[in-house]
Amino acid sequence: MQLLKLMEGYPDIPKEVIVKEDVLLKGLSFSDSALSQSYQEKAYYLFTFDPDNPEKVKSRGRVIPQEIMIYGGPLNLRNTVIQSRHSLSSPYRVDLVEGELYLLLNDEPLARVKLAPKPSYYGRTLSNGMRVEEVAPAIYWGETADVTAFRICEYWNVNQQCKFCDINENFKSWGYLRDKLGAVVPPDLVAEAVELSSSSVKRYLITGGAIRDYKKEVEFYLNYVRRTEESLSRDIPLRLNVQALRREDLEKFYELGVDYYHPNLEVWDERLFSLLSPGKERNVGREEWLRRTVEAVKIFGVGNVSPNFVAGVEMAYSDAFPYGFRRVEDAVKSTSQGIEYLMSKDVTPKFDTWGLEPRSWLGMSGAKAPPVEYYLELYRSYLELKKKYGMPWPGGLGEAGPGVSKVPASGFMDVSN
């Protein structure tokens with residue numbers, strides 16, 4: 001089995017991380033019997049993350065779980081949370097075996113499975129008649145309420161969208177199911193939903209697509225933060241995921257209550273940044289993005305500024321996009337340079353494992369996902385650099401360590417305590 005060979009070759013990487021990354025890359029399917037249970041259904045999020053086309057996903061009789069937790073089994077795995085990424089062609093399947101849920105690999109039991117339970121606030125009704133989970137669903141195994149305030153990105157309007165992203169296609173495919181919501185979720189509705197969720201979650205996240213006019217974007221997201229923080233009866237931390245903003249504007253967000261800031265860089269290599277994120281390059285620019293990110297630490301503090309890398313996208317390669325790194329060692333070296341630069345400036349980068357969505361530009365160009373080895377080498381490098389610079393884990397993501405981390409879309413916080 002390839003997984004066993006990887007575990008032998010990477011004895012310093014928890015076996016849970018190896019399984020998790022392989023599942024995230026290949027996706028997984030669910031039998032009908034597995035979906036007969038009670039669980040938290042997958043919510044509307046910024047992106048689909050699914051390897052399958054949305055039409056294939058819609059053909060299922062029921063929405064799949066938001067996340068699964070694998071544990072035990074032949075490998076005696078520790079509790080490991082994994083984001084559900086739908087793929088009917090995946091070798092991984094969740095199914096019932098003698099009445100118990102298992103993750104199967106090529107029809108052989110690999111680990112026991114728990115489906116994400118419904119948070120206690122699910123099912124409550126908002127003032128417009130919608131269920132609260134349509135506005136503030138839970139992620140991170142129920143620890144974080146996630147708000148996608150702006151469900152499209154304006155870079156798509158001028159063909160400058162990030163090439164790995166399917167945000168606008170996601171809205172086209174799934175937005176119609178939320179007939180009481182458009183692309184912009186009303187701030188008062190967000191405030192109401194976050195308040196209802198606040199007794200159950202540990203933190204909440206406000207995110208959304210980019211707005212090309214800088215001043216409009218600042219005011220747009222400030223309005224959400226202001227309205228929501230004013231309405232909360234219980235103080236819970238707030239994560240903000242928007243573009244790289246100027247220091248004077250970030251101070252406004254901080255004063256209103258933002259605790260953690262994520263100006264997502266996506267990819268380190270200078271050329272790939274301009275090719276993969278043309279809107280960010282033309283509207284802000286890579287050097288200015290980095291400058292603003294570093295400046296943000298002076299406002300939010302060490303550990304609380306965490307730009308995201310779409311881990312693996314630097315290896316994107318196809319006939320239409322012949323620019324990505326071909327060798328794992330070159331890709332890891334490049335991103336490690338970015339990690340080191342950021343950590344040397346007291347910035348704590350984080351990752352999402354690249355989900356190759358079929359309606360993203362790269363998905364339509366025929367790009368392929370990187371090998372699992374890339375992630376194992378990257379996380380090994382990340383851990384070494386984290387120790388070198390004495391950096392904490394990124395704030396706002398919960399606890400770290402194998403069997404402990406609830407980060408669903410990457411295994412980097414499952415690596416070590």
# chains A, B, ... in the order shown; residues from 1 in each chain; ligands from 1
>>> select_by_dssp(residues="segment 182-361 of chain A", states="alpha helix (DSSP H)", output="ChimeraX atom specification")
/A:187-197,214-231,247-256,270-276,278-283,286-300,328-344,361
>>> select_by_dssp(residues="segment 61-168 of chain A", states="strand (DSSP E or B)", output="VMD selection string")
chain A and resid 65 67 to 72 77 to 83 86 92 to 97 100 to 105 108 to 115 125 131 138 to 139 144 to 150
>>> closest_atom_pairs(of="segment 28-124 of chain A", to="segment 198-214 of chain A", cutoff="12 Å", atoms="only C-alpha atoms", output="Markdown table")
| residue | atom | partner | partner_atom | distance |
| --- | --- | --- | --- | --- |
| A:Tyr44 | CA | A:Gly208 | CA | 12.0 |
| A:Tyr45 | CA | A:Gly208 | CA | 9.3 |
| A:Leu46 | CA | A:Gly208 | CA | 6.8 |
| A:Phe47 | CA | A:Gly208 | CA | 10.2 |
| A:Lys118 | CA | A:Ser200 | CA | 10.9 |
| A:Pro119 | CA | A:Ser200 | CA | 7.1 |
| A:Ser120 | CA | A:Ser200 | CA | 6.7 |
| A:Tyr121 | CA | A:Ser200 | CA | 6.9 |
| A:Tyr122 | CA | A:Ser200 | CA | 9.9 |
>>> residues_around(residues="Arg380 of chain A", least_positions_apart="5", cutoff="9 Å", atoms="only C-alpha atoms", output="ChimeraX atom specification")
/A:12-13,375,385,412,415
>>> residues_around(residues="Arg124 of chain A", least_positions_apart="6", cutoff="8 Å", atoms="only C-alpha atoms", output="list of chain:residue names")
A:Arg131, A:Val132, A:Leu196
>>> write_last_selection(atoms="N, CA and C atoms", output="PDB file, in the first residue's frame")
ATOM      1  N   ARG A 131     -32.864  29.363   7.903  1.00  0.00           N
ATOM      2  CA  ARG A 131     -32.180  28.723   9.020  1.00  0.00           C
ATOM      3  C   ARG A 131     -30.829  29.400   9.245  1.00  0.00           C
ATOM      4  N   VAL A 132     -30.417  29.478  10.472  1.00  0.00           N
ATOM      5  CA  VAL A 132     -29.191  30.189  10.821  1.00  0.00           C
ATOM      6  C   VAL A 132     -27.975  29.609  10.110  1.00  0.00           C
ATOM      7  N   LEU A 196     -26.836  34.123  17.302  1.00  0.00           N
ATOM      8  CA  LEU A 196     -27.458  32.828  17.594  1.00  0.00           C
ATOM      9  C   LEU A 196     -26.415  31.722  17.739  1.00  0.00           C
TER      10      LEU A 196
END
>>> atom_distance(atom1="atom CA of Asn304 of chain A", atom2="atom CA of Tyr260 of chain A")
4.8 Å
>>> residues_around(residues="Tyr323 of chain A", least_positions_apart="6", cutoff="9 Å", atoms="only C-alpha atoms", output="PyMOL selection string")
chain A and resi 271-272+275+314-317
>>> closest_residue(among="A:Ile82, A:Ala311, A:Val347, A:Val63", to="Asp414 of chain A", atoms="only C-alpha atoms")
A:Ile82
>>> closest_atom_pairs(of="segment 226-249 of chain A", to="segment 217-221 of chain A", cutoff="10 Å", atoms="only C-alpha atoms", output="JSON lines")
{"residue": "A:Arg226", "atom": "CA", "partner": "A:Tyr221", "partner_atom": "CA", "distance": 8.6}
{"residue": "A:Arg227", "atom": "CA", "partner": "A:Tyr221", "partner_atom": "CA", "distance": 10.0}
{"residue": "A:Leu240", "atom": "CA", "partner": "A:Tyr221", "partner_atom": "CA", "distance": 8.9}
{"residue": "A:Asn241", "atom": "CA", "partner": "A:Tyr221", "partner_atom": "CA", "distance": 9.8}
{"residue": "A:Val242", "atom": "CA", "partner": "A:Tyr221", "partner_atom": "CA", "distance": 8.3}
{"residue": "A:Gln243", "atom": "CA", "partner": "A:Glu217", "partner_atom": "CA", "distance": 8.8}
{"residue": "A:Leu245", "atom": "CA", "partner": "A:Val218", "partner_atom": "CA", "distance": 7.9}
{"residue": "A:Arg246", "atom": "CA", "partner": "A:Val218", "partner_atom": "CA", "distance": 9.6}
{"residue": "A:Asp249", "atom": "CA", "partner": "A:Val218", "partner_atom": "CA", "distance": 7.2}
>>> write_last_selection(atoms="N, CA and C atoms", output="mmCIF file, in the first residue's frame")
data_model
loop_
_atom_site.group_PDB
_atom_site.id
_atom_site.type_symbol
_atom_site.label_atom_id
_atom_site.label_comp_id
_atom_site.auth_asym_id
_atom_site.auth_seq_id
_atom_site.Cartn_x
_atom_site.Cartn_y
_atom_site.Cartn_z
ATOM 1 N N ARG A 226 -18.614 45.954 12.418
ATOM 2 C CA ARG A 226 -19.255 46.898 13.346
ATOM 3 C C ARG A 226 -20.624 46.390 13.780
ATOM 4 N N ARG A 227 -21.433 46.003 12.801
ATOM 5 C CA ARG A 227 -22.804 45.579 13.110
ATOM 6 C C ARG A 227 -22.817 44.302 13.950
ATOM 7 N N LEU A 240 -10.830 37.721 10.429
ATOM 8 C CA LEU A 240 -11.187 38.478 9.224
ATOM 9 C C LEU A 240 -10.306 38.025 8.072
ATOM 10 N N ASN A 241 -10.955 37.589 6.990
ATOM 11 C CA ASN A 241 -10.240 37.103 5.809
ATOM 12 C C ASN A 241 -10.600 37.992 4.624
ATOM 13 N N VAL A 242 -9.772 39.008 4.366
ATOM 14 C CA VAL A 242 -9.974 39.927 3.244
ATOM 15 C C VAL A 242 -8.614 40.195 2.607
ATOM 16 N N GLN A 243 -8.582 41.123 1.658
ATOM 17 C CA GLN A 243 -7.333 41.441 0.997
ATOM 18 C C GLN A 243 -6.367 42.152 1.949
ATOM 19 N N LEU A 245 -4.822 45.062 3.504
ATOM 20 C CA LEU A 245 -5.296 46.433 3.686
ATOM 21 C C LEU A 245 -4.213 47.300 4.314
ATOM 22 N N ARG A 246 -4.382 48.611 4.156
ATOM 23 C CA ARG A 246 -3.414 49.561 4.703
ATOM 24 C C ARG A 246 -3.541 49.628 6.231
ATOM 25 N N ASP A 249 -6.391 51.529 7.959
ATOM 26 C CA ASP A 249 -7.703 50.871 7.893
ATOM 27 C C ASP A 249 -7.749 49.642 8.783
#
>>> closest_residue(among="A:Leu104, A:Ala111, A:Leu256, A:Ala145", to="Gly72 of chain A", atoms="only C-alpha atoms")
A:Ala111
>>> atom_distance(atom1="atom CA of Leu376 of chain A", atom2="atom CA of Leu110 of chain A")
19.8 Å
>>> residues_around(residues="Phe30 of chain A", least_positions_apart="3", cutoff="8 Å", atoms="only C-alpha atoms", output="VMD selection string")
chain A and resid 34 to 35 64 93 to 95
>>> residues_around(residues="Gln40 of chain A", least_positions_apart="6", cutoff="10 Å", atoms="only C-alpha atoms", output="MDAnalysis selection string")
chainID A and resid 63:68 115:119 122 133 137:139 141:142
>>> closest_residue(among="A:Asp50, A:Lys20, A:Leu397, A:Phe321", to="His262 of chain A", atoms="only C-alpha atoms")
A:Leu397
>>> atom_distance(atom1="atom CA of Asp22 of chain A", atom2="atom CA of Val372 of chain A")
6.1 Å
>>> closest_residue(among="A:Leu4, A:Leu88, A:Ala369, A:Val185", to="Glu357 of chain A", atoms="only C-alpha atoms")
A:Ala369
>>> closest_residue(among="A:Gly285, A:Gly396, A:Pro187, A:Gly182", to="Tyr261 of chain A", atoms="only C-alpha atoms")
A:Gly396
>>> closest_atom_pairs(of="segment 247-302 of chain A", to="segment 149-173 of chain A", cutoff="10 Å", atoms="only C-alpha atoms", output="CSV")
residue,atom,partner,partner_atom,distance
A:Glu266,CA,A:Cys162,CA,9.0
A:Phe273,CA,A:Cys162,CA,9.3
A:Ser274,CA,A:Cys162,CA,9.5
A:Leu275,CA,A:Lys163,CA,8.0
A:Leu276,CA,A:Lys163,CA,5.1
A:Ser277,CA,A:Cys162,CA,4.3
A:Pro278,CA,A:Gln160,CA,5.2
A:Gly279,CA,A:Gln160,CA,4.6
A:Lys280,CA,A:Cys162,CA,8.2
A:Glu281,CA,A:Gln160,CA,9.2
A:Arg282,CA,A:Gln160,CA,8.6
A:Asn283,CA,A:Tyr155,CA,9.5
